[in-house]
$ cat model.txt   # compact mmCIF, C-alpha atoms and all ligand atoms
# COMPACT_ATOMS: atom_id res chain seq x y z
CA MET A 1 133.13 177.92 86.08
CA ALA A 2 129.79 178.31 84.32
CA ASN A 3 126.60 177.14 85.94
CA ALA A 4 125.59 173.92 84.20
CA VAL A 5 123.20 170.95 84.18
CA LEU A 6 123.90 167.56 82.61
CA VAL A 7 121.19 164.89 82.24
CA HIS A 8 120.86 161.36 80.89
CA GLY A 9 117.92 159.21 79.81
CA GLY A 10 119.30 155.87 80.97
CA ALA A 11 121.78 153.23 79.83
CA GLY A 12 120.23 151.69 76.73
CA SER A 13 118.15 154.73 75.79
CA PRO A 14 118.67 155.49 72.09
CA ASN A 15 121.05 158.38 71.40
CA SER A 16 118.25 159.88 69.25
CA MET A 17 116.34 160.57 72.48
CA SER A 18 118.93 163.24 73.30
CA SER A 19 116.70 165.73 71.47
CA VAL A 20 113.97 165.15 74.09
CA LEU A 21 116.53 165.91 76.79
CA ASP A 22 117.76 168.99 74.90
CA ASP A 23 114.17 170.28 74.98
CA ILE A 24 113.87 169.58 78.71
CA LEU A 25 117.02 171.61 79.39
CA LYS A 26 115.97 174.35 76.99
CA ASN A 27 112.80 174.79 79.06
CA LEU A 28 114.62 174.63 82.39
CA LYS A 29 114.45 178.00 84.13
CA PHE A 30 117.56 179.05 85.99
CA GLU A 31 117.30 179.11 89.77
CA ASN A 32 120.08 179.87 92.17
CA ASN A 33 119.35 176.55 93.88
CA VAL A 34 121.66 173.72 92.90
CA LEU A 35 119.33 170.98 94.20
CA ASN A 36 116.28 172.27 92.32
CA MET A 37 118.37 172.57 89.15
CA ALA A 38 119.17 168.83 89.39
CA ILE A 39 115.67 167.74 90.45
CA SER A 40 113.63 169.71 87.92
CA PRO A 41 114.82 167.86 84.76
CA VAL A 42 114.41 164.51 86.53
CA MET A 43 110.81 165.47 87.27
CA SER A 44 110.30 166.22 83.58
CA MET A 45 111.67 162.79 82.68
CA GLU A 46 109.44 161.14 85.32
CA ASP A 47 106.45 162.82 83.63
CA ASN A 48 107.47 161.60 80.17
CA PRO A 49 106.34 157.97 79.55
CA LEU A 50 109.33 157.39 77.25
CA PHE A 51 111.57 157.03 80.30
CA ASN A 52 111.74 154.29 82.91
CA ALA A 53 110.98 156.57 85.85
CA GLY A 54 107.71 157.87 87.29
CA THR A 55 105.08 157.49 84.54
CA GLY A 56 106.30 154.64 82.31
CA SER A 57 108.25 152.81 85.04
CA VAL A 58 108.73 149.11 84.34
CA PRO A 59 106.65 146.70 86.48
CA ARG A 60 107.84 143.99 88.83
CA ILE A 61 107.07 140.43 87.73
CA ASP A 62 104.02 140.38 90.04
CA GLY A 63 102.60 143.35 88.09
CA SER A 64 103.21 145.97 90.76
CA ILE A 65 105.23 149.12 90.08
CA GLN A 66 107.76 150.10 92.73
CA MET A 67 110.10 153.01 92.12
CA ASP A 68 113.39 154.25 93.57
CA ALA A 69 114.68 157.84 93.63
CA ALA A 70 117.40 159.80 95.38
CA VAL A 71 118.83 163.30 95.70
CA MET A 72 122.12 164.53 97.10
CA SER A 73 123.80 167.88 97.60
CA GLY A 74 126.69 168.69 99.87
CA LYS A 75 126.58 166.09 102.60
CA GLU A 76 122.78 165.94 102.52
CA PHE A 77 121.05 162.88 101.08
CA GLY A 78 117.51 161.57 100.74
CA SER A 79 116.02 158.56 99.00
CA VAL A 80 112.86 156.52 98.59
CA ILE A 81 112.99 152.80 97.92
CA CYS A 82 110.21 150.73 96.33
CA ILE A 83 107.72 153.59 96.66
CA GLU A 84 104.32 153.01 94.99
CA ASN A 85 101.55 155.07 93.44
CA VAL A 86 103.15 158.50 93.42
CA LYS A 87 103.74 160.71 90.37
CA ASN A 88 107.18 162.07 91.19
CA PRO A 89 109.33 159.86 93.45
CA VAL A 90 112.22 162.36 93.15
CA LEU A 91 110.16 164.99 94.99
CA VAL A 92 109.46 162.56 97.82
CA ALA A 93 113.21 161.78 98.01
CA ARG A 94 113.83 165.52 98.34
CA ASP A 95 111.30 165.70 101.17
CA VAL A 96 113.00 162.79 102.94
CA MET A 97 116.22 164.83 102.80
CA VAL A 98 114.77 168.23 103.66
CA LYS A 99 111.74 167.54 105.85
CA SER A 100 112.46 164.28 107.67
CA PRO A 101 115.17 163.30 110.15
CA HIS A 102 116.01 160.26 107.96
CA ILE A 103 118.03 159.66 104.82
CA MET A 104 116.11 156.70 103.35
CA LEU A 105 112.52 155.51 103.50
CA SER A 106 111.33 152.26 101.94
CA GLY A 107 108.18 150.42 100.87
CA ASP A 108 104.92 151.23 102.66
CA GLY A 109 106.72 153.71 104.91
CA ALA A 110 107.93 155.69 101.88
CA THR A 111 104.46 155.71 100.32
CA GLN A 112 102.83 156.71 103.61
CA PHE A 113 105.38 159.52 104.04
CA ALA A 114 104.53 160.74 100.52
CA ARG A 115 100.83 160.95 101.44
CA GLU A 116 101.69 162.86 104.62
CA MET A 117 103.70 165.30 102.49
CA GLY A 118 100.64 165.84 100.30
CA TYR A 119 101.40 163.65 97.28
CA GLY A 120 98.15 162.04 96.13
CA TYR A 121 97.51 158.59 94.64
CA TYR A 122 98.84 158.19 91.10
CA ASN A 123 99.14 155.09 88.94
CA PRO A 124 102.39 155.29 86.90
CA ALA A 125 101.57 152.26 84.69
CA THR A 126 101.42 152.74 80.95
CA GLU A 127 100.20 150.39 78.23
CA ARG A 128 103.79 150.04 76.98
CA SER A 129 105.21 149.05 80.36
CA MET A 130 102.46 146.51 81.05
CA GLU A 131 102.87 145.07 77.54
CA ARG A 132 106.48 144.35 78.43
CA LEU A 133 105.35 142.28 81.42
CA LYS A 134 102.81 140.44 79.29
CA LYS A 135 105.53 139.46 76.80
CA PHE A 136 107.80 138.35 79.65
CA ASN A 137 105.06 136.15 81.10
CA GLU A 138 104.34 134.62 77.70
CA GLU A 139 108.01 133.90 77.09
CA THR A 140 108.66 132.38 80.51
CA THR A 141 105.59 130.14 80.50
CA LYS A 142 105.43 129.02 76.89
CA ASN A 143 107.16 125.70 77.59
CA GLY A 144 104.90 124.74 80.47
CA MET A 145 107.06 125.24 83.57
CA PRO A 146 107.84 128.90 84.20
CA ASP A 147 111.49 129.48 85.04
CA LYS A 148 111.31 133.13 85.96
CA PHE A 149 114.49 133.16 88.00
CA LYS A 150 116.49 132.17 84.93
CA PHE A 151 115.01 135.11 83.04
CA LEU A 152 115.61 137.48 85.95
CA GLU A 153 119.29 137.40 85.03
CA LYS A 154 118.56 139.13 81.72
CA LYS A 155 118.06 142.63 83.02
CA SER A 156 117.76 145.99 81.39
CA GLY A 157 118.05 149.10 83.54
CA ASP A 158 117.40 152.64 82.55
CA THR A 159 117.48 155.03 85.46
CA VAL A 160 117.23 158.71 84.59
CA GLY A 161 119.57 161.17 86.24
CA SER A 162 120.87 164.69 86.47
CA VAL A 163 123.89 166.51 87.91
CA SER A 164 124.18 170.25 88.40
CA ARG A 165 126.87 172.82 89.18
CA ILE A 166 125.50 176.16 90.34
CA ASN A 167 127.72 178.87 91.79
CA GLY A 168 130.39 176.35 92.78
CA LYS A 169 127.97 173.93 94.46
CA PHE A 170 127.02 170.47 93.19
CA ALA A 171 123.87 168.33 93.32
CA ALA A 172 122.59 165.08 91.84
CA ALA A 173 119.18 163.45 91.36
CA VAL A 174 118.10 160.02 90.06
CA SER A 175 114.84 158.16 89.53
CA THR A 176 113.97 154.71 88.21
CA GLY A 177 111.36 152.00 87.94
CA GLY A 178 114.22 149.50 88.34
CA ALA A 179 115.80 146.93 86.03
CA PHE A 180 113.31 144.69 84.24
CA PRO A 181 112.63 141.86 84.99
CA MET A 182 112.80 141.88 88.78
CA LEU A 183 111.08 140.62 91.91
CA ARG A 184 108.86 142.79 94.07
CA GLY A 185 111.07 144.38 96.73
CA ARG A 186 114.23 144.31 94.64
CA VAL A 187 116.47 147.36 95.21
CA GLY A 188 119.04 148.57 92.69
CA ASP A 189 121.83 151.14 92.90
CA SER A 190 119.80 154.33 92.46
CA PRO A 191 118.57 154.95 96.04
CA ILE A 192 121.84 153.85 97.68
CA ILE A 193 124.29 156.60 98.58
CA GLY A 194 127.62 156.10 96.82
CA ALA A 195 126.24 153.40 94.51
CA GLY A 196 123.93 155.13 92.02
CA ILE A 197 124.48 158.69 93.22
CA TYR A 198 127.04 160.86 94.98
CA ALA A 199 127.62 164.59 95.28
CA GLY A 200 130.07 166.55 97.37
CA GLU A 201 132.36 169.57 97.22
CA LYS A 202 134.43 168.11 94.32
CA GLY A 203 131.50 167.34 92.00
CA ALA A 204 128.48 165.13 91.37
CA VAL A 205 128.17 161.65 89.83
CA VAL A 206 125.18 159.48 88.90
CA ALA A 207 125.08 155.98 87.44
CA THR A 208 122.68 154.03 85.25
CA GLY A 209 122.58 150.39 84.17
CA ILE A 210 122.32 147.11 86.03
CA GLY A 211 122.01 148.18 89.64
CA GLU A 212 123.32 145.02 91.30
CA GLU A 213 126.72 145.37 89.63
CA ILE A 214 126.86 149.14 90.09
CA ALA A 215 126.09 148.78 93.81
CA ARG A 216 128.62 145.98 94.29
CA ASN A 217 131.25 148.39 92.99
CA LEU A 218 129.96 151.45 94.91
CA LEU A 219 130.50 153.06 91.53
CA SER A 220 129.43 156.67 92.03
CA TYR A 221 131.52 157.19 95.16
CA ARG A 222 134.39 155.27 93.65
CA ILE A 223 134.46 157.73 90.73
CA TYR A 224 133.89 160.74 93.01
CA SER A 225 136.79 159.75 95.25
CA GLN A 226 139.19 159.79 92.28
CA ILE A 227 138.28 163.32 91.10
CA GLY A 228 141.48 165.33 90.75
CA GLU A 229 143.73 162.28 90.28
CA ALA A 230 143.33 162.17 86.47
CA SER A 231 141.05 163.76 83.88
CA LEU A 232 137.37 163.10 84.63
CA GLY A 233 137.03 161.38 81.24
CA ASN A 234 139.82 158.93 82.01
CA ILE A 235 138.48 158.14 85.48
CA VAL A 236 134.95 157.47 84.21
CA LYS A 237 135.99 155.50 81.11
CA LYS A 238 138.29 153.21 83.09
CA GLU A 239 135.51 152.39 85.58
CA VAL A 240 132.67 151.98 83.06
CA ASP A 241 134.80 149.91 80.68
CA SER A 242 135.45 147.40 83.46
CA PHE A 243 131.73 146.48 83.47
CA THR A 244 130.47 143.48 81.52
CA VAL A 245 126.81 144.52 82.00
CA SER A 246 125.25 147.76 80.80
CA CYS A 247 126.55 150.78 82.68
CA GLY A 248 126.62 154.53 82.12
CA ILE A 249 127.78 157.57 84.08
CA ILE A 250 127.27 161.29 83.97
CA ALA A 251 129.54 163.43 86.14
CA ILE A 252 130.41 167.07 86.62
CA THR A 253 133.27 168.75 88.47
CA GLU A 254 134.52 172.31 88.82
CA ASN A 255 136.11 172.26 85.33
CA GLU A 256 134.86 169.20 83.50
CA TYR A 257 131.82 167.13 82.67
CA ILE A 258 131.30 163.77 80.98
CA SER A 259 128.57 161.47 79.75
CA TYR A 260 129.88 157.96 79.04
CA SER A 261 128.25 154.56 78.67
CA ASN A 262 129.16 151.09 77.41
CA THR A 263 125.82 151.08 75.56
CA SER A 264 123.71 153.78 73.92
CA MET A 265 122.68 156.57 76.30
CA ALA A 266 120.78 159.77 75.53
CA TYR A 267 122.14 162.85 77.28
CA ALA A 268 122.06 166.64 77.16
CA TYR A 269 124.14 169.44 78.66
CA ARG A 270 123.37 173.12 79.10
CA GLU A 271 125.29 176.02 80.56
CA PHE A 272 123.52 178.96 82.19
CA GLN A 273 125.07 182.42 82.37
N1 LIG A 301 119.99 151.28 87.68
C1 LIG A 301 118.67 151.02 87.97
C2 LIG A 301 118.45 149.77 88.68
O1 LIG A 301 119.21 148.81 88.53
O2 LIG A 301 117.50 149.69 89.41
$ encode --input "model.txt" --output "structure tokens" --more "lines below"
Ligand code: GLY
Amino acid sequence: MANAVLVHGGAGSPNSMSSVLDDILKNLKFENNVLNMAISPVMSMEDNPLFNAGTGSVPRIDGSIQMDAAVMSGKEFGSVICIENVKNPVLVARDVMVKSPHIMLSGDGATQFAREMGYGYYNPATERSMERLKKFNEETTKNGMPDKFKFLEKKSGDTVGSVSRINGKFAAAVSTGGAFPMLRGRVGDSPIIGAGIYAGEKGAVVATGIGEEIARNLLSYRIYSQIGEASLGNIVKKEVDSFTVSCGIIAITENEYISYSNTSMAYAYREFQ
């Protein structure tokens, strides 16, 4: 089957943003490296403040920005959890996979590892993301007693993600600022193997949406494990339609690909000869 890359801009991203993703894929140079072909568009989305990943990541309710990212190809996996002050968390996740003996690094340890790998200090905050926190604080305190935990239930999550199929191999990459609003230290589905991301010899799957529910269902592995039992479209639709919170999936196999969400979700697909 043709070499191909499929990307999404997050559950809840307007479908009109697909043109931004089309441009990212148009500018993607072909490499005979399935992992790089998945990581490269995620890096572009991290660098674009329109997306909730890297620059433009949503803040925690204490004002800090902690980001999650993961990569997977074959049986290899790497992720960073609640990493701070780096430009491209997805590159650090790749280094966890390729250059460290571990599969996951979190918090201060992830940030320290990034510095050791040569990634300098970078503040990913934007005016837009901090404005969102300001509005949240105004809303939760306007009646005197703040009830932030009540508001924490109303989450929006917009991970970005990519899956690639290059010369019969598969890879996946994801990156997110998390699901706003959330506590410092909160971890969603994205950096957890099988929850927000899975890739193996049958294909690659990434999820977006409310991470708690996606992780409870081990959604990406659950979809991956069914590949071959029905059409990819039917497998993905059945799983996503069972969610009552926002949820989206992109997936690619040897012969099929799908982008499906129970809310709006920008996506783009490109084949390479
Ligand atoms: N899906 C992104 C998150 O819940 O963190």
$ residues_around --input "model.txt" --residues "Tyr121 (chain A)" --least-positions-apart "3" --cutoff "10 Å" --atoms "only C-alpha atoms" --output "PDB file with C-alpha atoms, keeping the file's coordinate frame"
ATOM      1  CA  GLU A  84     104.320 153.010  94.990  1.00  0.00           C
ATOM      2  CA  ASN A  85     101.550 155.070  93.440  1.00  0.00           C
ATOM      3  CA  VAL A  86     103.150 158.500  93.420  1.00  0.00           C
ATOM      4  CA  LYS A  87     103.740 160.710  90.370  1.00  0.00           C
ATOM      5  CA  THR A 111     104.460 155.710 100.320  1.00  0.00           C
ATOM      6  CA  ALA A 114     104.530 160.740 100.520  1.00  0.00           C
ATOM      7  CA  ARG A 115     100.830 160.950 101.440  1.00  0.00           C
ATOM      8  CA  GLY A 118     100.640 165.840 100.300  1.00  0.00           C
ATOM      9  CA  PRO A 124     102.390 155.290  86.900  1.00  0.00           C
TER      10      PRO A 124
END
$ closest_residue --input "model.txt" --among "A:Ala266, A:Leu133, A:Ile81, A:Ala2" --to "ligand LIG 301 (chain A)" --atoms "only C-alpha atoms and all ligand atoms"
A:Ile81
$ residues_around --input "model.txt" --residues "region 230-242 of chain A" --least-positions-apart "4" --cutoff "10 Å" --atoms "all atoms listed in the file" --output "ChimeraX atom specification"
/A:205,207,214,217,219-220,222-224,226,246-253,255-262
$ atom_distance --input "model.txt" --atom1 "CA of Glu201 (chain A)" --atom2 "CA of Val34 (chain A)"
12.3 Å
$ residues_around --input "model.txt" --residues "Pro89 (chain A)" --least-positions-apart "2" --cutoff "12 Å" --atoms "all atoms listed in the file" --output "MDAnalysis selection string"
chainID A and resid 39 42:47 53:55 57 65:71 78:87 91:96 105:106 110:111 113:115 117 119:122 124 160 173:177 190:191
$ closest_atom_pairs --input "model.txt" --of "chain A" --to "ligand LIG 301 (chain A)" --cutoff "8 Å" --atoms "all atoms listed in the file" --output "CSV"
residue,atom,partner,partner_atom,distance
A:Asp68,CA,A:LIG301,O2,7.4
A:Ser156,CA,A:LIG301,O1,7.8
A:Gly157,CA,A:LIG301,C1,4.9
A:Asp158,CA,A:LIG301,C1,5.8
A:Thr159,CA,A:LIG301,C1,4.9
A:Thr176,CA,A:LIG301,C1,6.0
A:Gly177,CA,A:LIG301,O2,6.7
A:Gly178,CA,A:LIG301,O2,3.5
A:Ala179,CA,A:LIG301,O1,4.6
A:Val187,CA,A:LIG301,O2,6.3
A:Gly188,CA,A:LIG301,O2,3.8
A:Asp189,CA,A:LIG301,N1,5.5
A:Ser190,CA,A:LIG301,N1,5.7
A:Gly196,CA,A:LIG301,N1,7.0
A:Ala207,CA,A:LIG301,N1,6.9
A:Thr208,CA,A:LIG301,N1,4.6
A:Gly209,CA,A:LIG301,N1,4.5
A:Ile210,CA,A:LIG301,O1,4.3
A:Gly211,CA,A:LIG301,O1,3.1
A:Glu212,CA,A:LIG301,O1,6.2
A:Ile214,CA,A:LIG301,N1,7.6
$ closest_residue --input "model.txt" --among "A:Ala172, A:Ile166, A:Ile193, A:Ala38" --to "Glu254 (chain A)" --atoms "all atoms listed in the file"
A:Ile166
$ atom_distance --input "model.txt" --atom1 "CA of Asp23 (chain A)" --atom2 "CA of Ala268 (chain A)"
9.0 Å
$ closest_residue --input "model.txt" --among "A:Asp62, A:Lys169, A:Arg270, A:Met1" --to "Leu28 (chain A)" --atoms "all atoms listed in the file"
A:Arg270
$ closest_residue --input "model.txt" --among "A:Gln112, A:Thr141, A:Ser264, A:Ser64" --to "Leu183 (chain A)" --atoms "all atoms listed in the file"
A:Ser64
$ atom_distance --input "model.txt" --atom1 "CA of Asn3 (chain A)" --atom2 "CA of Asn167 (chain A)"
6.2 Å
$ residues_around --input "model.txt" --residues "region 198-200 of chain A" --least-positions-apart "4" --cutoff "6 Å" --atoms "only C-alpha atoms" --output "list in words"
Met72, Ser73, Gly74, Ala171, Gly194, Ala204, Val205, Ser220 and Tyr221 of chain A
$ decode --input "model.txt" --residues "region 119-226 of chain A" --atoms "C-alpha atoms" --output "PDB file, in the first residue's frame"
ATOM      1  CA  TYR A 119      16.499  21.365  24.639  1.00  0.00           C
ATOM      2  CA  GLY A 120      16.694  24.895  26.034  1.00  0.00           C
ATOM      3  CA  TYR A 121      14.205  26.832  28.173  1.00  0.00           C
ATOM      4  CA  TYR A 122      11.075  27.869  26.280  1.00  0.00           C
ATOM      5  CA  ASN A 123       7.840  29.381  27.566  1.00  0.00           C
ATOM      6  CA  PRO A 124       4.894  27.914  25.576  1.00  0.00           C
ATOM      7  CA  ALA A 125       2.298  30.348  27.019  1.00  0.00           C
ATOM      8  CA  THR A 126       0.344  32.537  24.636  1.00  0.00           C
ATOM      9  CA  GLU A 127      -1.957  35.467  25.336  1.00  0.00           C
ATOM     10  CA  ARG A 128      -4.914  33.366  24.154  1.00  0.00           C
ATOM     11  CA  SER A 129      -4.187  30.447  26.476  1.00  0.00           C
ATOM     12  CA  MET A 130      -3.666  32.675  29.514  1.00  0.00           C
ATOM     13  CA  GLU A 131      -6.850  34.601  28.692  1.00  0.00           C
ATOM     14  CA  ARG A 132      -8.711  31.311  28.961  1.00  0.00           C
ATOM     15  CA  LEU A 133      -7.409  30.850  32.515  1.00  0.00           C
ATOM     16  CA  LYS A 134      -8.340  34.412  33.407  1.00  0.00           C
ATOM     17  CA  LYS A 135     -11.925  33.820  32.253  1.00  0.00           C
ATOM     18  CA  PHE A 136     -12.064  30.554  34.198  1.00  0.00           C
ATOM     19  CA  ASN A 137     -10.886  32.284  37.374  1.00  0.00           C
ATOM     20  CA  GLU A 138     -13.429  35.068  36.924  1.00  0.00           C
ATOM     21  CA  GLU A 139     -16.250  32.593  36.375  1.00  0.00           C
ATOM     22  CA  THR A 140     -15.365  30.362  39.317  1.00  0.00           C
ATOM     23  CA  THR A 141     -14.916  33.199  41.807  1.00  0.00           C
ATOM     24  CA  LYS A 142     -17.674  35.586  40.792  1.00  0.00           C
ATOM     25  CA  ASN A 143     -20.066  34.347  43.488  1.00  0.00           C
ATOM     26  CA  GLY A 144     -17.584  34.658  46.321  1.00  0.00           C
ATOM     27  CA  MET A 145     -16.603  31.064  47.112  1.00  0.00           C
ATOM     28  CA  PRO A 146     -14.595  29.471  44.314  1.00  0.00           C
ATOM     29  CA  ASP A 147     -15.784  25.963  43.499  1.00  0.00           C
ATOM     30  CA  LYS A 148     -13.072  24.984  41.076  1.00  0.00           C
ATOM     31  CA  PHE A 149     -13.569  21.248  41.455  1.00  0.00           C
ATOM     32  CA  LYS A 150     -17.117  21.582  40.149  1.00  0.00           C
ATOM     33  CA  PHE A 151     -15.799  23.361  37.071  1.00  0.00           C
ATOM     34  CA  LEU A 152     -13.024  20.820  36.595  1.00  0.00           C
ATOM     35  CA  GLU A 153     -15.679  18.405  35.349  1.00  0.00           C
ATOM     36  CA  LYS A 154     -16.337  20.602  32.317  1.00  0.00           C
ATOM     37  CA  LYS A 155     -13.293  19.680  30.286  1.00  0.00           C
ATOM     38  CA  SER A 156     -12.249  20.301  26.742  1.00  0.00           C
ATOM     39  CA  GLY A 157      -9.347  18.319  25.325  1.00  0.00           C
ATOM     40  CA  ASP A 158      -7.596  18.823  22.061  1.00  0.00           C
ATOM     41  CA  THR A 159      -4.521  16.691  21.678  1.00  0.00           C
ATOM     42  CA  VAL A 160      -2.853  16.784  18.277  1.00  0.00           C
ATOM     43  CA  GLY A 161      -1.765  13.552  16.662  1.00  0.00           C
ATOM     44  CA  SER A 162      -0.368  11.793  13.641  1.00  0.00           C
ATOM     45  CA  VAL A 163      -0.141   8.247  12.284  1.00  0.00           C
ATOM     46  CA  SER A 164       2.100   7.103   9.447  1.00  0.00           C
ATOM     47  CA  ARG A 165       2.518   4.079   7.197  1.00  0.00           C
ATOM     48  CA  ILE A 166       5.876   3.957   5.419  1.00  0.00           C
ATOM     49  CA  ASN A 167       7.045   0.902   3.518  1.00  0.00           C
ATOM     50  CA  GLY A 168       4.763  -1.398   5.506  1.00  0.00           C
ATOM     51  CA  LYS A 169       5.775  -0.023   8.917  1.00  0.00           C
ATOM     52  CA  PHE A 170       3.583   2.046  11.238  1.00  0.00           C
ATOM     53  CA  ALA A 171       4.213   4.853  13.746  1.00  0.00           C
ATOM     54  CA  ALA A 172       2.191   7.268  15.857  1.00  0.00           C
ATOM     55  CA  ALA A 173       2.877  10.539  17.677  1.00  0.00           C
ATOM     56  CA  VAL A 174       0.756  12.725  19.981  1.00  0.00           C
ATOM     57  CA  SER A 175       1.198  15.952  21.929  1.00  0.00           C
ATOM     58  CA  THR A 176      -1.063  17.976  24.202  1.00  0.00           C
ATOM     59  CA  GLY A 177      -1.300  20.673  26.829  1.00  0.00           C
ATOM     60  CA  GLY A 178      -4.040  18.564  28.445  1.00  0.00           C
ATOM     61  CA  ALA A 179      -7.780  19.056  28.924  1.00  0.00           C
ATOM     62  CA  PHE A 180      -8.753  22.448  30.319  1.00  0.00           C
ATOM     63  CA  PRO A 181      -9.498  23.034  33.178  1.00  0.00           C
ATOM     64  CA  MET A 182      -7.256  20.708  35.174  1.00  0.00           C
ATOM     65  CA  LEU A 183      -5.088  20.504  38.272  1.00  0.00           C
ATOM     66  CA  ARG A 184      -1.310  20.684  38.170  1.00  0.00           C
ATOM     67  CA  GLY A 185      -0.020  17.126  37.839  1.00  0.00           C
ATOM     68  CA  ARG A 186      -3.092  15.795  36.065  1.00  0.00           C
ATOM     69  CA  VAL A 187      -2.282  13.171  33.407  1.00  0.00           C
ATOM     70  CA  GLY A 188      -4.571  12.359  30.493  1.00  0.00           C
ATOM     71  CA  ASP A 189      -4.554   9.576  27.910  1.00  0.00           C
ATOM     72  CA  SER A 190      -1.911  10.928  25.530  1.00  0.00           C
ATOM     73  CA  PRO A 191       1.322   9.753  27.233  1.00  0.00           C
ATOM     74  CA  ILE A 192      -0.108   6.369  28.297  1.00  0.00           C
ATOM     75  CA  ILE A 193       0.628   3.435  26.018  1.00  0.00           C
ATOM     76  CA  GLY A 194      -2.582   1.860  24.729  1.00  0.00           C
ATOM     77  CA  ALA A 195      -4.752   4.742  25.974  1.00  0.00           C
ATOM     78  CA  GLY A 196      -4.021   7.733  23.731  1.00  0.00           C
ATOM     79  CA  ILE A 197      -1.597   6.012  21.376  1.00  0.00           C
ATOM     80  CA  TYR A 198      -0.716   2.593  20.003  1.00  0.00           C
ATOM     81  CA  ALA A 199       1.238   1.338  17.006  1.00  0.00           C
ATOM     82  CA  GLY A 200       2.252  -2.154  16.012  1.00  0.00           C
ATOM     83  CA  GLU A 201       2.588  -4.401  12.979  1.00  0.00           C
ATOM     84  CA  LYS A 202      -1.161  -4.153  12.130  1.00  0.00           C
ATOM     85  CA  GLY A 203      -1.393  -0.346  12.151  1.00  0.00           C
ATOM     86  CA  ALA A 204      -1.346   2.803  14.263  1.00  0.00           C
ATOM     87  CA  VAL A 205      -4.062   4.514  16.318  1.00  0.00           C
ATOM     88  CA  VAL A 206      -4.188   7.805  18.237  1.00  0.00           C
ATOM     89  CA  ALA A 207      -6.994   9.307  20.304  1.00  0.00           C
ATOM     90  CA  THR A 208      -8.102  12.807  21.229  1.00  0.00           C
ATOM     91  CA  GLY A 209     -10.747  14.114  23.619  1.00  0.00           C
ATOM     92  CA  ILE A 210     -11.302  13.794  27.344  1.00  0.00           C
ATOM     93  CA  GLY A 211      -8.317  11.795  28.504  1.00  0.00           C
ATOM     94  CA  GLU A 212      -9.796  10.319  31.672  1.00  0.00           C
ATOM     95  CA  GLU A 213     -12.514   8.486  29.739  1.00  0.00           C
ATOM     96  CA  ILE A 214     -10.197   7.490  26.894  1.00  0.00           C
ATOM     97  CA  ALA A 215      -7.683   6.030  29.375  1.00  0.00           C
ATOM     98  CA  ARG A 216     -10.368   4.185  31.349  1.00  0.00           C
ATOM     99  CA  ASN A 217     -11.274   2.431  28.104  1.00  0.00           C
ATOM    100  CA  LEU A 218      -7.665   1.853  26.953  1.00  0.00           C
ATOM    101  CA  LEU A 219      -9.138   3.091  23.697  1.00  0.00           C
ATOM    102  CA  SER A 220      -6.208   3.061  21.276  1.00  0.00           C
ATOM    103  CA  TYR A 221      -5.151  -0.494  22.087  1.00  0.00           C
ATOM    104  CA  ARG A 222      -8.757  -1.610  22.188  1.00  0.00           C
ATOM    105  CA  ILE A 223      -9.206  -0.399  18.597  1.00  0.00           C
ATOM    106  CA  TYR A 224      -5.801  -1.748  17.516  1.00  0.00           C
ATOM    107  CA  SER A 225      -6.594  -5.200  18.894  1.00  0.00           C
ATOM    108  CA  GLN A 226      -9.729  -5.422  16.722  1.00  0.00           C
TER     109      GLN A 226
END
